[in-house]
Amino acid sequence: MSTHKNTFPRISNKSPNDPYLSLRRLADSSIARAQKLKQPTTIKPDEEALSAVSTASATVVKSPLSPRSYGGYSVSLSFGTPSQTIPFVFDTGSSLVWFPCTSKYLCSNCDFSGLDPTRIQKFVPKNSTSSRIIGCQNPKCQFIFGPNVQCRGCDPNTRNCTVNCPPYIIQYGLGSTAGLLLSETLDFPDLTVPDFVVGCSVISTRQPAGIAGFGRGSESLPSQMKLKRFSHCLVSRRFDDTDVSSDLDLDTGSGHKSGSKTPGLSYTPFRSNPNVSNSAFLEYYYLNLRRIYVGSKHVKIPYKFLAPGIDGNGGSIVDSGSTFTFMDRPVFDLVSEEFATQMSNYSREKDLEKLTGLGPCFNISGEGSVTLPELIFEFKGGAKMELPSSNYFSFVGSADNICLTVVSDSIVGPSGGGKSGPAIILGSFQQQNYHVEYDLENDRFGFAKKKCSP
């Protein structure tokens, strides 16, 4: 147990008539996101297509990463000739990079987070001399549709077909997007990446911006740029569109010697999902989570939730696109009940739990300081992520109430486990004020506490 002054974050609310609406939206979107990650659309990657990717010059490039009111982080990228700079949701749980495209782009229900849909920035292909629609027989069309893509109207015996790559449709939790694949130039101040595959979305639902996919798929930004590693430090936020940002570092090879470790970081190897038949699971960054501690108590989580089985279900992933960490109901119940037991000296606010979708919640009125159990994730190799209290508790409604910022749903499988997919999803709220590194060259995950504000 540790004692903390009352310095928990307070999440801003844009709906004064309902002080809990913002939290409910963030909790609901985190759960919907988890459900989609757990039952993804299967897309088979193609290694031959991947080998056709252009190699960028060896360098390290940086791009600002900023918190946003919709619960995620935004990274600005520049595409086209001349370049057009567009904000994207930074997402390690998906792979396609796409932007709102053309002046006629439509987005329905895109005001869900208080965003004005008319202010969504759009990429206009006709203003770029480097924009090209990807053809159906282009190997990069297989990034999305696999080697058996159907090119209707094409003679399979000729390579001169002018039919476009089919339109894509992608689901993201409560939202979706659809469009065509383009070949474009991706521009950084000291680096240009030609022939980059990017989605030109013409219609979306509940999408506050385009998405920069940083997953393991062939079409992701790390794959197309052939990054050796990328890293970030998510600034502490209240989901209020602050101007504060930190750097997203993209390393194509010059910053480290092969096999070297970044000083100060603890590492744990990524693990593979044994169910290779569901290639969608292969896009995720699976972690070797071994134990969860609440205070000094080891919460005994059944192994089937900690490691993916032969059916692909179970295990834990890290996902910047999820706001709050998600746990399958059996895991969440064990963790939340342990918090409730160790915090039994505070009164429980169950009505608040129903309003916000978070819990357990406690009333701490009249307390100058609050004694909270630590929340610790221990990984293979002994690396421990000992979360500061502000990463797993938040003030809710007033300074009198705090809630655990971990979510779950009511879906339980027939064997008492989650319905499918990863059982634990480490969200961005729990990663704030951590230096996090995805070491792709050495297939490992590194992290360390760090004050991320500049």
# chains A, B, ... in the order shown; residues from 1 in each chain; ligands from 1

call {"tool": "residues_around", "arguments": {"residues": "region 260-270 of chain A", "least_positions_apart": "5", "cutoff": "12 Å", "atoms": "only C-alpha atoms", "output": "VMD selection string"}}
result
chain A and resid 216 228 to 231 253 to 255 282 284 to 290 307 315 to 318 377 to 386 434 to 450

call {"tool": "write_last_selection", "arguments": {"atoms": "C-alpha atoms", "output": "JSON list (two decimals), in the first residue's frame"}}
result
[["chain", "number", "residue", "atom", "x", "y", "z"],
["A", 216, "ARG", "CA", 2.57, -5.61, -37.52],
["A", 228, "LYS", "CA", 14.07, -0.97, -36.63],
["A", 229, "ARG", "CA", 12.14, 0.44, -33.69],
["A", 230, "PHE", "CA", 9.79, 3.24, -32.73],
["A", 231, "SER", "CA", 9.17, 4.83, -29.36],
["A", 253, "GLY", "CA", 18.47, 2.01, -38.29],
["A", 254, "SER", "CA", 20.96, 4.74, -37.54],
["A", 255, "GLY", "CA", 20.13, 5.37, -33.89],
["A", 282, "LEU", "CA", -0.68, -11.51, -36.12],
["A", 284, "TYR", "CA", -1.06, -7.29, -32.62],
["A", 285, "TYR", "CA", 1.87, -6.76, -30.27],
["A", 286, "TYR", "CA", 1.45, -9.60, -27.77],
["A", 287, "LEU", "CA", 3.22, -9.27, -24.42],
["A", 288, "ASN", "CA", 4.49, -11.94, -22.05],
["A", 289, "LEU", "CA", 2.44, -10.84, -19.05],
["A", 290, "ARG", "CA", 3.15, -13.26, -16.19],
["A", 307, "ALA", "CA", -1.04, -16.57, -22.83],
["A", 315, "GLY", "CA", -3.00, -13.37, -23.86],
["A", 316, "SER", "CA", -2.31, -9.66, -23.55],
["A", 317, "ILE", "CA", -1.54, -7.00, -26.15],
["A", 318, "VAL", "CA", -0.44, -3.37, -26.00],
["A", 377, "PHE", "CA", 2.17, -5.80, -14.28],
["A", 378, "GLU", "CA", 5.07, -8.25, -14.24],
["A", 379, "PHE", "CA", 6.39, -9.58, -17.55],
["A", 380, "LYS", "CA", 8.64, -12.38, -18.69],
["A", 381, "GLY", "CA", 12.21, -11.66, -17.70],
["A", 382, "GLY", "CA", 11.17, -9.88, -14.53],
["A", 383, "ALA", "CA", 10.34, -6.49, -16.04],
["A", 384, "LYS", "CA", 7.73, -4.76, -13.88],
["A", 385, "MET", "CA", 5.42, -1.93, -14.90],
["A", 386, "GLU", "CA", 4.63, -0.37, -11.52],
["A", 434, "TYR", "CA", 6.19, 6.12, -19.69],
["A", 435, "HIS", "CA", 8.94, 5.94, -22.26],
["A", 436, "VAL", "CA", 7.72, 3.03, -24.37],
["A", 437, "GLU", "CA", 9.77, 1.37, -27.11],
["A", 438, "TYR", "CA", 8.72, -1.15, -29.74],
["A", 439, "ASP", "CA", 12.04, -2.77, -30.65],
["A", 440, "LEU", "CA", 11.03, -4.48, -33.89],
["A", 441, "GLU", "CA", 14.53, -5.58, -34.84],
["A", 442, "ASN", "CA", 14.93, -7.55, -31.62],
["A", 443, "ASP", "CA", 11.23, -8.38, -31.16],
["A", 444, "ARG", "CA", 10.88, -6.89, -27.67],
["A", 445, "PHE", "CA", 8.98, -4.26, -25.71],
["A", 446, "GLY", "CA", 10.82, -1.73, -23.54],
["A", 447, "PHE", "CA", 9.49, 0.73, -20.98],
["A", 448, "ALA", "CA", 10.45, 3.04, -18.13],
["A", 449, "LYS", "CA", 8.73, 5.74, -16.09],
["A", 450, "LYS", "CA", 9.46, 9.21, -17.42]]

call {"tool": "residues_around", "arguments": {"residues": "Phe214 (chain A)", "least_positions_apart": "2", "cutoff": "8 Å", "atoms": "only C-alpha atoms", "output": "ChimeraX atom specification"}}
result
/A:90-96,212,216,220-222

call {"tool": "residues_around", "arguments": {"residues": "Arg348 (chain A)", "least_positions_apart": "4", "cutoff": "7 Å", "atoms": "only C-alpha atoms", "output": "list in words"}}
result
Cys361, Phe362 and Asn363 of chain A

call {"tool": "write_last_selection", "arguments": {"atoms": "N, CA, C and O atoms", "output": "JSON list (two decimals), in the first residue's frame"}}
result
[["chain", "number", "residue", "atom", "x", "y", "z"],
["A", 361, "CYS", "N", -15.53, 2.43, -7.78],
["A", 361, "CYS", "CA", -15.41, 3.84, -7.47],
["A", 361, "CYS", "C", -15.53, 4.02, -5.96],
["A", 361, "CYS", "O", -16.26, 3.27, -5.30],
["A", 362, "PHE", "N", -14.83, 5.02, -5.44],
["A", 362, "PHE", "CA", -14.80, 5.22, -3.99],
["A", 362, "PHE", "C", -14.98, 6.70, -3.66],
["A", 362, "PHE", "O", -14.54, 7.57, -4.41],
["A", 363, "ASN", "N", -15.59, 6.95, -2.51],
["A", 363, "ASN", "CA", -15.71, 8.30, -1.99],
["A", 363, "ASN", "C", -14.54, 8.58, -1.05],
["A", 363, "ASN", "O", -14.33, 7.85, -0.09]]

call {"tool": "atom_distance", "arguments": {"atom1": "CA of Asp333 (chain A)", "atom2": "CA of Lys300 (chain A)"}}
result
11.5 Å

call {"tool": "atom_distance", "arguments": {"atom1": "CA of Arg329 (chain A)", "atom2": "CA of Met343 (chain A)"}}
result
20.5 Å

call {"tool": "select_by_dssp", "arguments": {"residues": "region 187-243 of chain A", "states": "helix (DSSP H, G or I)", "output": "list in words"}}
result
Leu221, Pro222, Ser223, Gln224 and Met225 of chain A

call {"tool": "residues_around", "arguments": {"residues": "Val299 (chain A)", "least_positions_apart": "4", "cutoff": "7 Å", "atoms": "only C-alpha atoms", "output": "list in words"}}
result
Ile292, Tyr293, Val294, Leu334 and Val335 of chain A

call {"tool": "write_last_selection", "arguments": {"atoms": "C-alpha atoms", "output": "PDB file, in the first residue's frame"}}
result
ATOM      1  CA  ILE A 292      -0.681  -8.937 -11.877  1.00  0.00           C
ATOM      2  CA  TYR A 293      -0.253  -7.474  -8.397  1.00  0.00           C
ATOM      3  CA  VAL A 294      -2.689  -5.300  -6.464  1.00  0.00           C
ATOM      4  CA  LEU A 334     -10.387 -10.760  -9.728  1.00  0.00           C
ATOM      5  CA  VAL A 335      -8.494  -7.469 -10.004  1.00  0.00           C
TER       6      VAL A 335
END

call {"tool": "select_by_dssp", "arguments": {"residues": "region 76-269 of chain A", "states": "strand (DSSP E or B)", "output": "PyMOL selection string"}}
result
chain A and resi 76-79+84-91+98-101+106-108+123+132-133+135+164+168-172+175-188+191-205+210-213+229-233+246-251+266-269

call {"tool": "closest_atom_pairs", "arguments": {"of": "region 112-163 of chain A", "to": "region 75-85 of chain A", "cutoff": "9 Å", "atoms": "only C-alpha atoms", "output": "tab-separated table"}}
result
residue	atom	partner	partner_atom	distance
A:Gln121	CA	A:Thr85	CA	8.7
A:Lys122	CA	A:Gln84	CA	8.8
A:Phe123	CA	A:Gln84	CA	6.7
A:Val124	CA	A:Gln84	CA	8.3
A:Pro125	CA	A:Gly80	CA	7.8
A:Asn127	CA	A:Pro82	CA	7.8
A:Ser128	CA	A:Thr81	CA	4.8
A:Thr129	CA	A:Thr81	CA	5.5
A:Ser130	CA	A:Thr81	CA	5.7
A:Ser131	CA	A:Gly80	CA	6.7

call {"tool": "residues_around", "arguments": {"residues": "Ser66 (chain A)", "least_positions_apart": "6", "cutoff": "8 Å", "atoms": "only C-alpha atoms", "output": "number ranges by chain"}}
result
A: 73-75, 234-235, 241-246

call {"tool": "atom_distance", "arguments": {"atom1": "CA of Cys154 (chain A)", "atom2": "CA of Cys141 (chain A)"}}
result
14.2 Å

call {"tool": "residues_around", "arguments": {"residues": "Ser29 (chain A)", "least_positions_apart": "5", "cutoff": "9 Å", "atoms": "only C-alpha atoms", "output": "list in words"}}
result
Arg24, Ala34, Gly71, Gly173, Leu174, Ser322 and Thr323 of chain A

call {"tool": "write_last_selection", "arguments": {"atoms": "N, CA, C and O atoms", "output": "short mmCIF file (atom, residue, chain, number, x, y, z; two decimals), in the first residue's frame"}}
result
data_model
loop_
_atom_site.label_atom_id
_atom_site.label_comp_id
_atom_site.auth_asym_id
_atom_site.auth_seq_id
_atom_site.Cartn_x
_atom_site.Cartn_y
_atom_site.Cartn_z
N ARG A 24 -18.35 8.11 -19.67
CA ARG A 24 -19.14 7.00 -20.22
C ARG A 24 -18.76 6.75 -21.66
O ARG A 24 -18.62 5.60 -22.09
N ALA A 34 -12.17 -2.99 -27.73
CA ALA A 34 -11.70 -4.30 -27.30
C ALA A 34 -12.48 -5.42 -28.01
O ALA A 34 -11.89 -6.41 -28.45
N GLY A 71 -9.99 10.61 -26.67
CA GLY A 71 -9.43 9.52 -25.87
C GLY A 71 -8.16 8.91 -26.42
O GLY A 71 -7.61 7.99 -25.83
N GLY A 173 -14.05 -0.77 -33.69
CA GLY A 173 -14.94 -0.63 -32.54
C GLY A 173 -16.29 -0.13 -32.97
O GLY A 173 -17.02 -0.79 -33.72
N LEU A 174 -16.65 1.10 -32.56
CA LEU A 174 -17.94 1.67 -32.92
C LEU A 174 -17.92 2.37 -34.27
O LEU A 174 -18.97 2.81 -34.75
N SER A 322 -6.58 2.02 -27.78
CA SER A 322 -7.54 1.83 -26.69
C SER A 322 -7.25 2.86 -25.61
O SER A 322 -6.10 3.03 -25.21
N THR A 323 -8.27 3.52 -25.12
CA THR A 323 -8.05 4.52 -24.08
C THR A 323 -7.74 3.85 -22.75
O THR A 323 -6.65 3.98 -22.21
#

call {"tool": "decode", "arguments": {"residues": "region 382-398 of chain A", "atoms": "all heavy atoms", "output": "PDB file, in the first residue's frame"}}
result
ATOM      1  N   GLY A 382      11.165 -10.636 -15.780  1.00  0.00           N
ATOM      2  CA  GLY A 382      11.168  -9.885 -14.529  1.00  0.00           C
ATOM      3  C   GLY A 382      10.854  -8.406 -14.652  1.00  0.00           C
ATOM      4  O   GLY A 382      10.795  -7.705 -13.633  1.00  0.00           O
ATOM      5  N   ALA A 383      10.669  -7.901 -15.871  1.00  0.00           N
ATOM      6  CA  ALA A 383      10.344  -6.487 -16.041  1.00  0.00           C
ATOM      7  C   ALA A 383       9.000  -6.189 -15.393  1.00  0.00           C
ATOM      8  O   ALA A 383       8.013  -6.891 -15.631  1.00  0.00           O
ATOM      9  CB  ALA A 383      10.310  -6.120 -17.521  1.00  0.00           C
ATOM     10  N   LYS A 384       8.957  -5.127 -14.571  1.00  0.00           N
ATOM     11  CA  LYS A 384       7.726  -4.762 -13.876  1.00  0.00           C
ATOM     12  C   LYS A 384       7.287  -3.356 -14.267  1.00  0.00           C
ATOM     13  O   LYS A 384       8.073  -2.416 -14.201  1.00  0.00           O
ATOM     14  CB  LYS A 384       7.924  -4.825 -12.360  1.00  0.00           C
ATOM     15  CG  LYS A 384       8.080  -6.225 -11.797  1.00  0.00           C
ATOM     16  CD  LYS A 384       8.187  -6.193 -10.283  1.00  0.00           C
ATOM     17  CE  LYS A 384       8.310  -7.597  -9.696  1.00  0.00           C
ATOM     18  NZ  LYS A 384       8.404  -7.567  -8.208  1.00  0.00           N
ATOM     19  N   MET A 385       6.030  -3.232 -14.646  1.00  0.00           N
ATOM     20  CA  MET A 385       5.425  -1.932 -14.895  1.00  0.00           C
ATOM     21  C   MET A 385       4.623  -1.573 -13.652  1.00  0.00           C
ATOM     22  O   MET A 385       3.499  -2.046 -13.449  1.00  0.00           O
ATOM     23  CB  MET A 385       4.537  -1.979 -16.145  1.00  0.00           C
ATOM     24  CG  MET A 385       3.914  -0.642 -16.514  1.00  0.00           C
ATOM     25  SD  MET A 385       2.994  -0.695 -18.084  1.00  0.00           S
ATOM     26  CE  MET A 385       4.357  -0.585 -19.267  1.00  0.00           C
ATOM     27  N   GLU A 386       5.251  -0.770 -12.788  1.00  0.00           N
ATOM     28  CA  GLU A 386       4.635  -0.365 -11.524  1.00  0.00           C
ATOM     29  C   GLU A 386       3.947   0.976 -11.750  1.00  0.00           C
ATOM     30  O   GLU A 386       4.556   2.033 -11.693  1.00  0.00           O
ATOM     31  CB  GLU A 386       5.697  -0.272 -10.430  1.00  0.00           C
ATOM     32  CG  GLU A 386       6.420  -1.603 -10.204  1.00  0.00           C
ATOM     33  CD  GLU A 386       7.572  -1.497  -9.219  1.00  0.00           C
ATOM     34  OE1 GLU A 386       7.958  -0.353  -8.867  1.00  0.00           O
ATOM     35  OE2 GLU A 386       8.096  -2.548  -8.805  1.00  0.00           O
ATOM     36  N   LEU A 387       2.663   0.930 -12.032  1.00  0.00           N
ATOM     37  CA  LEU A 387       1.945   2.108 -12.477  1.00  0.00           C
ATOM     38  C   LEU A 387       1.797   3.149 -11.363  1.00  0.00           C
ATOM     39  O   LEU A 387       1.461   2.803 -10.225  1.00  0.00           O
ATOM     40  CB  LEU A 387       0.551   1.725 -12.973  1.00  0.00           C
ATOM     41  CG  LEU A 387       0.485   0.797 -14.182  1.00  0.00           C
ATOM     42  CD1 LEU A 387      -0.970   0.468 -14.505  1.00  0.00           C
ATOM     43  CD2 LEU A 387       1.154   1.419 -15.401  1.00  0.00           C
ATOM     44  N   PRO A 388       2.039   4.430 -11.664  1.00  0.00           N
ATOM     45  CA  PRO A 388       1.682   5.472 -10.708  1.00  0.00           C
ATOM     46  C   PRO A 388       0.164   5.534 -10.571  1.00  0.00           C
ATOM     47  O   PRO A 388      -0.574   5.202 -11.511  1.00  0.00           O
ATOM     48  CB  PRO A 388       2.244   6.748 -11.360  1.00  0.00           C
ATOM     49  CG  PRO A 388       2.364   6.430 -12.806  1.00  0.00           C
ATOM     50  CD  PRO A 388       2.629   4.959 -12.910  1.00  0.00           C
ATOM     51  N   SER A 389      -0.315   5.959  -9.414  1.00  0.00           N
ATOM     52  CA  SER A 389      -1.756   5.919  -9.161  1.00  0.00           C
ATOM     53  C   SER A 389      -2.554   6.727 -10.174  1.00  0.00           C
ATOM     54  O   SER A 389      -3.697   6.380 -10.502  1.00  0.00           O
ATOM     55  CB  SER A 389      -2.052   6.427  -7.750  1.00  0.00           C
ATOM     56  OG  SER A 389      -1.598   7.765  -7.589  1.00  0.00           O
ATOM     57  N   SER A 390      -1.962   7.794 -10.722  1.00  0.00           N
ATOM     58  CA  SER A 390      -2.676   8.614 -11.707  1.00  0.00           C
ATOM     59  C   SER A 390      -2.891   7.882 -13.023  1.00  0.00           C
ATOM     60  O   SER A 390      -3.638   8.352 -13.881  1.00  0.00           O
ATOM     61  CB  SER A 390      -1.910   9.917 -11.962  1.00  0.00           C
ATOM     62  OG  SER A 390      -0.585   9.650 -12.400  1.00  0.00           O
ATOM     63  N   ASN A 391      -2.250   6.730 -13.205  1.00  0.00           N
ATOM     64  CA  ASN A 391      -2.431   5.935 -14.419  1.00  0.00           C
ATOM     65  C   ASN A 391      -3.534   4.894 -14.291  1.00  0.00           C
ATOM     66  O   ASN A 391      -3.854   4.214 -15.259  1.00  0.00           O
ATOM     67  CB  ASN A 391      -1.127   5.226 -14.800  1.00  0.00           C
ATOM     68  CG  ASN A 391      -0.149   6.140 -15.501  1.00  0.00           C
ATOM     69  OD1 ASN A 391      -0.159   7.341 -15.273  1.00  0.00           O
ATOM     70  ND2 ASN A 391       0.703   5.583 -16.341  1.00  0.00           N
ATOM     71  N   TYR A 392      -4.092   4.751 -13.097  1.00  0.00           N
ATOM     72  CA  TYR A 392      -5.178   3.769 -12.968  1.00  0.00           C
ATOM     73  C   TYR A 392      -6.328   4.227 -12.078  1.00  0.00           C
ATOM     74  O   TYR A 392      -7.310   3.505 -11.917  1.00  0.00           O
ATOM     75  CB  TYR A 392      -4.646   2.405 -12.497  1.00  0.00           C
ATOM     76  CG  TYR A 392      -3.915   2.383 -11.169  1.00  0.00           C
ATOM     77  CD1 TYR A 392      -4.574   2.041  -9.993  1.00  0.00           C
ATOM     78  CD2 TYR A 392      -2.559   2.672 -11.095  1.00  0.00           C
ATOM     79  CE1 TYR A 392      -3.899   1.997  -8.774  1.00  0.00           C
ATOM     80  CE2 TYR A 392      -1.869   2.633  -9.888  1.00  0.00           C
ATOM     81  CZ  TYR A 392      -2.545   2.292  -8.737  1.00  0.00           C
ATOM     82  OH  TYR A 392      -1.885   2.245  -7.529  1.00  0.00           O
ATOM     83  N   PHE A 393      -6.237   5.438 -11.525  1.00  0.00           N
ATOM     84  CA  PHE A 393      -7.365   6.051 -10.837  1.00  0.00           C
ATOM     85  C   PHE A 393      -7.543   7.473 -11.349  1.00  0.00           C
ATOM     86  O   PHE A 393      -6.569   8.145 -11.706  1.00  0.00           O
ATOM     87  CB  PHE A 393      -7.170   6.082  -9.314  1.00  0.00           C
ATOM     88  CG  PHE A 393      -7.707   4.871  -8.608  1.00  0.00           C
ATOM     89  CD1 PHE A 393      -6.839   3.855  -8.210  1.00  0.00           C
ATOM     90  CD2 PHE A 393      -9.066   4.728  -8.356  1.00  0.00           C
ATOM     91  CE1 PHE A 393      -7.322   2.725  -7.558  1.00  0.00           C
ATOM     92  CE2 PHE A 393      -9.557   3.610  -7.715  1.00  0.00           C
ATOM     93  CZ  PHE A 393      -8.691   2.595  -7.310  1.00  0.00           C
ATOM     94  N   SER A 394      -8.792   7.940 -11.376  1.00  0.00           N
ATOM     95  CA  SER A 394      -9.076   9.296 -11.822  1.00  0.00           C
ATOM     96  C   SER A 394     -10.202   9.876 -10.975  1.00  0.00           C
ATOM     97  O   SER A 394     -11.117   9.159 -10.564  1.00  0.00           O
ATOM     98  CB  SER A 394      -9.495   9.301 -13.294  1.00  0.00           C
ATOM     99  OG  SER A 394      -9.871  10.598 -13.718  1.00  0.00           O
ATOM    100  N   PHE A 395     -10.116  11.201 -10.721  1.00  0.00           N
ATOM    101  CA  PHE A 395     -11.253  11.889 -10.127  1.00  0.00           C
ATOM    102  C   PHE A 395     -12.432  11.794 -11.091  1.00  0.00           C
ATOM    103  O   PHE A 395     -12.264  11.895 -12.313  1.00  0.00           O
ATOM    104  CB  PHE A 395     -10.931  13.369  -9.890  1.00  0.00           C
ATOM    105  CG  PHE A 395     -10.087  13.621  -8.678  1.00  0.00           C
ATOM    106  CD1 PHE A 395      -8.871  14.287  -8.795  1.00  0.00           C
ATOM    107  CD2 PHE A 395     -10.503  13.216  -7.420  1.00  0.00           C
ATOM    108  CE1 PHE A 395      -8.096  14.548  -7.681  1.00  0.00           C
ATOM    109  CE2 PHE A 395      -9.724  13.467  -6.297  1.00  0.00           C
ATOM    110  CZ  PHE A 395      -8.516  14.127  -6.426  1.00  0.00           C
ATOM    111  N   VAL A 396     -13.616  11.631 -10.547  1.00  0.00           N
ATOM    112  CA  VAL A 396     -14.812  11.540 -11.373  1.00  0.00           C
ATOM    113  C   VAL A 396     -15.873  12.466 -10.798  1.00  0.00           C
ATOM    114  O   VAL A 396     -16.305  12.294  -9.650  1.00  0.00           O
ATOM    115  CB  VAL A 396     -15.354  10.101 -11.425  1.00  0.00           C
ATOM    116  CG1 VAL A 396     -16.666  10.059 -12.203  1.00  0.00           C
ATOM    117  CG2 VAL A 396     -14.333   9.171 -12.061  1.00  0.00           C
ATOM    118  N   GLY A 397     -16.288  13.457 -11.564  1.00  0.00           N
ATOM    119  CA  GLY A 397     -17.363  14.349 -11.155  1.00  0.00           C
ATOM    120  C   GLY A 397     -16.926  15.434 -10.199  1.00  0.00           C
ATOM    121  O   GLY A 397     -17.263  16.599 -10.363  1.00  0.00           O
ATOM    122  N   SER A 398     -16.183  15.087  -9.177  1.00  0.00           N
ATOM    123  CA  SER A 398     -15.721  16.053  -8.180  1.00  0.00           C
ATOM    124  C   SER A 398     -14.463  15.501  -7.531  1.00  0.00           C
ATOM    125  O   SER A 398     -13.999  14.401  -7.854  1.00  0.00           O
ATOM    126  CB  SER A 398     -16.799  16.289  -7.126  1.00  0.00           C
ATOM    127  OG  SER A 398     -16.940  15.150  -6.284  1.00  0.00           O
TER     128      SER A 398
END
